[in-house]
$ cat start_24.pdb   # PDB, C-alpha atoms
ATOM      1  CA  MET E   1       6.049  28.574  66.438
ATOM      2  CA  MET E   2       8.425  29.873  63.755
ATOM      3  CA  VAL E   3      10.253  26.529  63.747
ATOM      4  CA  ASP E   4       6.978  24.676  63.244
ATOM      5  CA  ALA E   5       6.031  26.985  60.335
ATOM      6  CA  ALA E   6       9.409  26.494  58.647
ATOM      7  CA  ALA E   7       9.172  22.730  59.050
ATOM      8  CA  GLY E   8       5.671  22.750  57.566
ATOM      9  CA  ALA E   9       6.810  24.802  54.571
ATOM     10  CA  GLU E  10       9.727  22.437  53.978
ATOM     11  CA  ALA E  11       7.409  19.426  54.139
ATOM     12  CA  ARG E  12       5.022  21.002  51.678
ATOM     13  CA  GLN E  13       7.887  21.783  49.300
ATOM     14  CA  MET E  14       9.143  18.202  49.473
ATOM     15  CA  PHE E  15       5.611  16.896  48.884
ATOM     16  CA  CYS E  16       5.118  19.128  45.844
ATOM     17  CA  SER E  17       8.509  18.156  44.400
ATOM     18  CA  LEU E  18       7.728  14.462  44.857
ATOM     19  CA  ALA E  19       4.266  14.861  43.289
ATOM     20  CA  GLY E  20       5.747  16.691  40.321
ATOM     21  CA  LEU E  21       8.338  13.971  39.793
ATOM     22  CA  ILE E  22       5.670  11.271  39.904
ATOM     23  CA  PHE E  23       3.546  13.253  37.390
ATOM     24  CA  LEU E  24       6.451  13.666  34.946
ATOM     25  CA  ARG E  25       7.376   9.983  35.088
ATOM     26  CA  THR E  26       3.743   8.984  34.587
ATOM     27  CA  MET E  27       3.370  11.283  31.556
ATOM     28  CA  ARG E  28       6.579   9.897  30.015
ATOM     29  CA  ARG E  29       5.027   6.426  30.115
ATOM     30  CA  LEU E  30       1.585   7.532  28.912
ATOM     31  CA  LEU E  31       2.601   9.994  26.192
ATOM     32  CA  PRO E  32       3.610   7.425  23.508
ATOM     33  CA  ALA E  33       0.388   5.477  24.035
ATOM     34  CA  LEU E  34      -1.625   8.710  23.964
ATOM     35  CA  LEU E  35       0.002   9.816  20.712
ATOM     36  CA  LEU E  36      -0.628   6.380  19.197
ATOM     37  CA  ALA E  37      -4.279   6.504  20.207
ATOM     38  CA  LEU E  38      -4.661   9.978  18.727
ATOM     39  CA  ALA E  39      -2.978   8.896  15.498
ATOM     40  CA  ALA E  40      -5.369   5.964  15.146
ATOM     41  CA  CYS E  41      -8.306   8.350  15.472
ATOM     42  CA  GLU E  42      -7.215  10.577  12.591
ATOM     43  CA  PRO E  43      -9.874  10.823   9.848
ATOM     44  CA  GLY E  44      -9.251   8.543   6.903
ATOM     45  CA  LEU E  45      -7.176   5.950   8.741
ATOM     46  CA  SER E  46      -8.243   2.339   9.038
ATOM     47  CA  ASP E  47      -6.901  -1.122   9.702
ATOM     48  CA  ASN E  48      -5.552  -1.224   6.156
ATOM     49  CA  PRO E  49      -1.930  -2.397   6.507
ATOM     50  CA  ASP E  50      -0.952   0.138   3.848
ATOM     51  CA  GLY E  51      -2.129   2.879   6.176
ATOM     52  CA  GLY E  52      -4.908   4.329   4.021
ATOM     53  CA  VAL E  53      -8.532   4.041   3.006
ATOM     54  CA  THR E  54      -9.354   1.394   0.391
ATOM     55  CA  PRO E  55      -9.693   3.355  -2.866
ATOM     56  CA  PRO E  56     -13.032   3.298  -4.688
ATOM     57  CA  PRO E  57     -13.286   1.001  -7.708
ATOM     58  CA  PRO E  58     -12.343   2.577 -11.039
ATOM     59  CA  PRO E  59     -15.175   3.812 -13.242
ATOM     60  CA  PRO E  60     -16.519   1.328 -15.797
ATOM     61  CA  THR E  61     -14.819   1.141 -19.160
ATOM     62  CA  ALA E  62     -16.677   2.466 -22.193
ATOM     63  CA  GLU E  63     -17.760  -1.069 -23.106
ATOM     64  CA  ALA E  64     -18.892  -1.811 -19.550
ATOM     65  CA  GLN E  65     -20.877   1.420 -19.485
ATOM     66  CA  SER E  66     -22.530   0.458 -22.768
ATOM     67  CA  TRP E  67     -23.650  -2.832 -21.210
ATOM     68  CA  LEU E  68     -25.079  -0.956 -18.238
ATOM     69  CA  ASP E  69     -26.770   1.714 -20.357
ATOM     70  CA  ALA E  70     -28.477  -0.848 -22.582
ATOM     71  CA  GLN E  71     -29.838  -2.865 -19.652
ATOM     72  CA  ASN E  72     -30.754   0.114 -17.486
ATOM     73  CA  ALA E  73     -32.845   1.423 -20.364
ATOM     74  CA  VAL E  74     -34.844  -1.824 -20.097
ATOM     75  CA  ARG E  75     -35.105  -1.453 -16.307
ATOM     76  CA  ARG E  76     -36.522   2.057 -16.712
ATOM     77  CA  ALA E  77     -39.451   0.798 -18.770
ATOM     78  CA  PRO E  78     -40.532  -2.691 -17.667
ATOM     79  CA  ARG E  79     -43.975  -3.980 -18.565
ATOM     80  CA  PRO E  80     -46.173  -3.515 -16.632
ATOM     81  CA  PRO E  81     -44.675  -0.556 -14.740
ATOM     82  CA  PRO E  82     -43.485  -1.466 -11.231
ATOM     83  CA  PRO E  83     -44.863   0.317  -8.134
ATOM     84  CA  SER E  84     -41.578   2.239  -7.899
ATOM     85  CA  PRO E  85     -38.648   2.655 -10.308
ATOM     86  CA  LEU E  86     -36.156  -0.183 -10.438
ATOM     87  CA  PRO E  87     -32.685   0.734  -9.177
ATOM     88  CA  PRO E  88     -30.139   1.044 -11.987
ATOM     89  CA  LEU E  89     -27.558  -1.675 -12.340
ATOM     90  CA  THR E  90     -23.948  -0.883 -11.481
ATOM     91  CA  TRP E  91     -20.873  -2.655 -12.782
ATOM     92  CA  SER E  92     -19.395  -5.644 -10.967
ATOM     93  CA  GLU E  93     -15.791  -6.488 -11.816
ATOM     94  CA  ALA E  94     -16.216  -9.835 -10.066
ATOM     95  CA  ALA E  95     -19.221 -10.762 -12.203
ATOM     96  CA  ALA E  96     -17.464  -9.480 -15.328
ATOM     97  CA  SER E  97     -14.464 -11.683 -14.573
ATOM     98  CA  VAL E  98     -16.709 -14.735 -14.229
ATOM     99  CA  ALA E  99     -18.521 -13.858 -17.452
ATOM    100  CA  ALA E 100     -15.261 -13.318 -19.367
ATOM    101  CA  SER E 101     -13.795 -16.598 -18.150
ATOM    102  CA  TRP E 102     -16.902 -18.485 -19.211
ATOM    103  CA  ALA E 103     -17.169 -16.725 -22.577
ATOM    104  CA  ALA E 104     -13.538 -17.590 -23.325
ATOM    105  CA  GLY E 105     -14.440 -21.294 -23.218
ATOM    106  CA  CYS E 106     -16.853 -20.861 -26.145
ATOM    107  CA  ASN E 107     -19.280 -23.385 -24.693
ATOM    108  CA  TYR E 108     -22.803 -22.232 -25.438
ATOM    109  CA  GLN E 109     -24.593 -23.132 -22.236
ATOM    110  CA  HIS E 110     -24.936 -21.613 -18.782
ATOM    111  CA  ASN E 111     -21.962 -21.632 -16.457
ATOM    112  CA  PRO E 112     -22.756 -24.092 -13.630
ATOM    113  CA  ASN E 113     -19.919 -22.671 -11.510
ATOM    114  CA  ARG E 114     -20.849 -19.000 -11.583
ATOM    115  CA  GLY E 115     -21.646 -18.894  -7.869
ATOM    116  CA  GLU E 116     -24.575 -16.899  -6.484
ATOM    117  CA  ARG E 117     -25.245 -15.087  -9.742
ATOM    118  CA  GLY E 118     -27.897 -15.029 -12.413
ATOM    119  CA  GLU E 119     -26.804 -15.318 -16.025
ATOM    120  CA  ASN E 120     -27.932 -14.380 -19.519
ATOM    121  CA  ILE E 121     -26.233 -15.756 -22.626
ATOM    122  CA  ALA E 122     -26.672 -15.192 -26.346
ATOM    123  CA  ALA E 123     -24.985 -16.274 -29.564
ATOM    124  CA  SER E 124     -24.890 -14.653 -32.978
ATOM    125  CA  ALA E 125     -23.319 -15.361 -36.358
ATOM    126  CA  PRO E 126     -21.568 -14.426 -38.518
ATOM    127  CA  PRO E 127     -19.122 -12.500 -36.325
ATOM    128  CA  GLY E 128     -19.873  -8.806 -36.217
ATOM    129  CA  ARG E 129     -23.545  -9.241 -37.068
ATOM    130  CA  TRP E 130     -24.512  -8.155 -33.544
ATOM    131  CA  GLN E 131     -23.216  -5.504 -31.205
ATOM    132  CA  LEU E 132     -23.740  -5.818 -27.457
ATOM    133  CA  THR E 133     -26.861  -3.687 -27.737
ATOM    134  CA  ASP E 134     -28.331  -6.330 -30.059
ATOM    135  CA  ALA E 135     -27.722  -9.048 -27.472
ATOM    136  CA  VAL E 136     -29.491  -6.974 -24.820
ATOM    137  CA  ALA E 137     -32.298  -6.196 -27.270
ATOM    138  CA  ALA E 138     -32.781  -9.928 -27.895
ATOM    139  CA  TRP E 139     -33.095 -10.561 -24.161
ATOM    140  CA  ALA E 140     -35.370  -7.566 -23.637
ATOM    141  CA  GLY E 141     -37.540  -8.614 -26.578
ATOM    142  CA  GLU E 142     -38.797 -11.538 -24.519
ATOM    143  CA  ALA E 143     -40.992  -9.048 -22.649
ATOM    144  CA  SER E 144     -43.716  -9.680 -25.221
ATOM    145  CA  ASP E 145     -43.730 -13.350 -24.215
ATOM    146  CA  TYR E 146     -43.950 -12.706 -20.475
ATOM    147  CA  ASP E 147     -47.290 -12.447 -18.690
ATOM    148  CA  TYR E 148     -46.830 -10.609 -15.408
ATOM    149  CA  ALA E 149     -50.282 -11.503 -14.055
ATOM    150  CA  SER E 150     -49.653 -15.250 -14.265
ATOM    151  CA  ASN E 151     -45.866 -14.912 -13.981
ATOM    152  CA  THR E 152     -45.376 -17.273 -16.917
ATOM    153  CA  CYS E 153     -43.841 -17.327 -20.378
ATOM    154  CA  ALA E 154     -45.944 -17.872 -23.473
ATOM    155  CA  ALA E 155     -46.146 -21.497 -24.564
ATOM    156  CA  GLY E 156     -42.947 -22.581 -26.251
ATOM    157  CA  LYS E 157     -41.228 -19.251 -25.560
ATOM    158  CA  GLN E 158     -38.455 -18.045 -23.304
ATOM    159  CA  CYS E 159     -38.755 -14.989 -21.085
ATOM    160  CA  GLY E 160     -36.215 -15.588 -18.310
ATOM    161  CA  HIS E 161     -33.559 -13.388 -19.892
ATOM    162  CA  TYR E 162     -35.945 -10.450 -19.763
ATOM    163  CA  THR E 163     -37.100 -11.112 -16.210
ATOM    164  CA  GLN E 164     -33.480 -11.344 -15.039
ATOM    165  CA  ILE E 165     -32.736  -7.906 -16.472
ATOM    166  CA  VAL E 166     -35.727  -6.343 -14.693
ATOM    167  CA  TRP E 167     -35.420  -8.305 -11.438
ATOM    168  CA  ALA E 168     -35.775  -5.628  -8.774
ATOM    169  CA  SER E 169     -33.319  -7.046  -6.229
ATOM    170  CA  THR E 170     -30.572  -7.515  -8.824
ATOM    171  CA  LEU E 171     -28.208  -4.568  -8.389
ATOM    172  CA  ARG E 172     -25.000  -5.347 -10.292
ATOM    173  CA  ALA E 173     -23.996  -6.843 -13.622
ATOM    174  CA  GLY E 174     -20.782  -7.862 -15.306
ATOM    175  CA  CYS E 175     -20.673  -8.851 -18.958
ATOM    176  CA  ALA E 176     -18.303 -10.111 -21.617
ATOM    177  CA  HIS E 177     -18.085 -10.904 -25.317
ATOM    178  CA  LYS E 178     -15.934 -13.464 -27.105
ATOM    179  CA  LEU E 179     -15.360 -14.160 -30.792
ATOM    180  CA  CYS E 180     -15.416 -17.952 -30.947
ATOM    181  CA  THR E 181     -14.043 -20.307 -33.586
ATOM    182  CA  ALA E 182     -15.138 -23.617 -32.088
ATOM    183  CA  ASN E 183     -18.275 -25.281 -30.705
ATOM    184  CA  SER E 184     -20.574 -23.190 -32.868
ATOM    185  CA  PRO E 185     -24.235 -23.588 -31.876
ATOM    186  CA  PHE E 186     -25.063 -22.802 -35.508
ATOM    187  CA  GLY E 187     -23.311 -25.862 -36.924
ATOM    188  CA  SER E 188     -20.626 -26.259 -39.542
ATOM    189  CA  GLY E 189     -22.216 -23.635 -41.746
ATOM    190  CA  ALA E 190     -21.202 -20.900 -39.293
ATOM    191  CA  PRO E 191     -18.032 -22.051 -37.533
ATOM    192  CA  GLN E 192     -17.244 -18.572 -36.218
ATOM    193  CA  TRP E 193     -19.669 -16.896 -33.865
ATOM    194  CA  ASP E 194     -20.018 -14.266 -31.143
ATOM    195  CA  PHE E 195     -20.693 -15.331 -27.560
ATOM    196  CA  TRP E 196     -22.358 -12.822 -25.219
ATOM    197  CA  VAL E 197     -22.501 -13.394 -21.455
ATOM    198  CA  CYS E 198     -23.822 -11.314 -18.539
ATOM    199  CA  ASP E 199     -23.770 -12.356 -14.897
ATOM    200  CA  TYR E 200     -25.957 -10.677 -12.274
ATOM    201  CA  GLU E 201     -25.668 -10.041  -8.527
ATOM    202  CA  PRO E 202     -27.765 -10.920  -6.604
ATOM    203  CA  PRO E 203     -29.461 -13.421  -8.932
ATOM    204  CA  GLY E 204     -33.074 -13.248 -10.039
ATOM    205  CA  ASN E 205     -35.610 -15.666 -11.528
ATOM    206  CA  PHE E 206     -36.593 -17.394  -8.316
ATOM    207  CA  VAL E 207     -39.369 -19.899  -8.945
ATOM    208  CA  GLY E 208     -42.762 -18.636  -7.846
ATOM    209  CA  GLN E 209     -41.622 -14.999  -7.542
ATOM    210  CA  ARG E 210     -42.284 -12.074  -9.836
ATOM    211  CA  PRO E 211     -39.422  -9.807 -10.835
ATOM    212  CA  TYR E 212     -40.936  -6.842  -8.929
TER     213      TYR E 212
END
$ encode --input "start_24.pdb" --output "structure tokens"
Amino acid sequence: MMVDAAAGAEARQMFCSLAGLIFLRTMRRLLPALLLALAACEPGLSDNPDGGVTPPPPPPTAEAQSWLDAQNAVRRAPRPPPPSPLPPLTWSEAAASVAASWAAGCNYQHNPNRGERGENIAASAPPGRWQLTDAVAAWAGEASDYDYASNTCAAGKQCGHYTQIVWASTLRAGCAHKLCTANSPFGSGAPQWDFWVCDYEPPGNFVGQRPY
């Protein structure tokens, strides 16, 4: 009986040693993958090849903020009042880049290649006569020529610049200004002029729809 007990103890010891060896070898293979998986789950990591979270966009410049402030003031007081406040516009660098590129061409018409964006343009002369707030005020002044009930402009008047500013689903704007010395819409008497351009995302002024 004592021989059987000793043999059983030896077998158990061999079994435990073998199991431990198998466990250690398995862990050596799994540990790198486990550490990699844990590293990928760390907060703040992503698929960014640089190994970090995409940084937020920089805050708008002072000029960009002035464009937003002027137009958001219009969106806070549309006529008639909307059922709920319109969301304020935020700055779009992409739209601003499109607007700046178009303004640089000094061609006083709408940009046909602006993509899925709305657009307001204005011109003034002589240079320096208007500030950007004056351009926005000119667009916003069309409110008096817009009839919300019929969703139409007064005869012979424009009102689409105003409705674009207060279009509820438009959320972002990017604007630019250019001092131009060619292609003056005012003729040879005012060869130098200021060109003001704002592009909007998503666009507004869909036919048959009201702004809000």
$ closest_residue --input "start_24.pdb" --among "E:Asn205, E:Asn107, E:Asn113, E:Asn120" --to "E:Thr181" --atoms "only C-alpha atoms"
E:Asn107
$ resolve_selection --input "start_24.pdb" --expression "the PyMOL selection byres ((chain E and resi 92-105) around 6)" --output "PyMOL selection string"
chain E and resi 91+106-107+172-176+178+197-199
$ closest_residue --input "start_24.pdb" --among "E:Arg76, E:His110, E:Arg117, E:His161" --to "E:Glu201" --atoms "all atoms listed in the file"
E:Arg117
$ residues_around --input "start_24.pdb" --residues "E:Gln71" --least-positions-apart "2" --cutoff "12 Å" --atoms "only C-alpha atoms" --output "PyMOL selection string"
chain E and resi 64-69+73-78+86-91+120+132-141+161-167+170-175+198+200
$ atom_distance --input "start_24.pdb" --atom1 "atom CA of E:Thr152" --atom2 "atom CA of E:Pro202"
21.4 Å
$ atom_distance --input "start_24.pdb" --atom1 "atom CA of E:Pro126" --atom2 "atom CA of E:Ala190"
6.5 Å
$ closest_residue --input "start_24.pdb" --among "E:Gln192, E:Ala168, E:Arg114, E:Pro55" --to "E:Ser84" --atoms "all atoms listed in the file"
E:Ala168
$ atom_distance --input "start_24.pdb" --atom1 "atom CA of E:Pro203" --atom2 "atom CA of E:Ile121"
14.3 Å
$ closest_residue --input "start_24.pdb" --among "E:Pro211, E:Cys159, E:Tyr108, E:Asp147" --to "E:Cys180" --atoms "only C-alpha atoms"
E:Tyr108
$ closest_residue --input "start_24.pdb" --among "E:Gln109, E:Asn72, E:Asn151, E:Gln158" --to "E:Val207" --atoms "all atoms listed in the file"
E:Asn151
$ closest_residue --input "start_24.pdb" --among "E:Phe195, E:Pro80, E:Tyr148, E:Ala70" --to "E:Asn183" --atoms "only C-alpha atoms"
E:Phe195
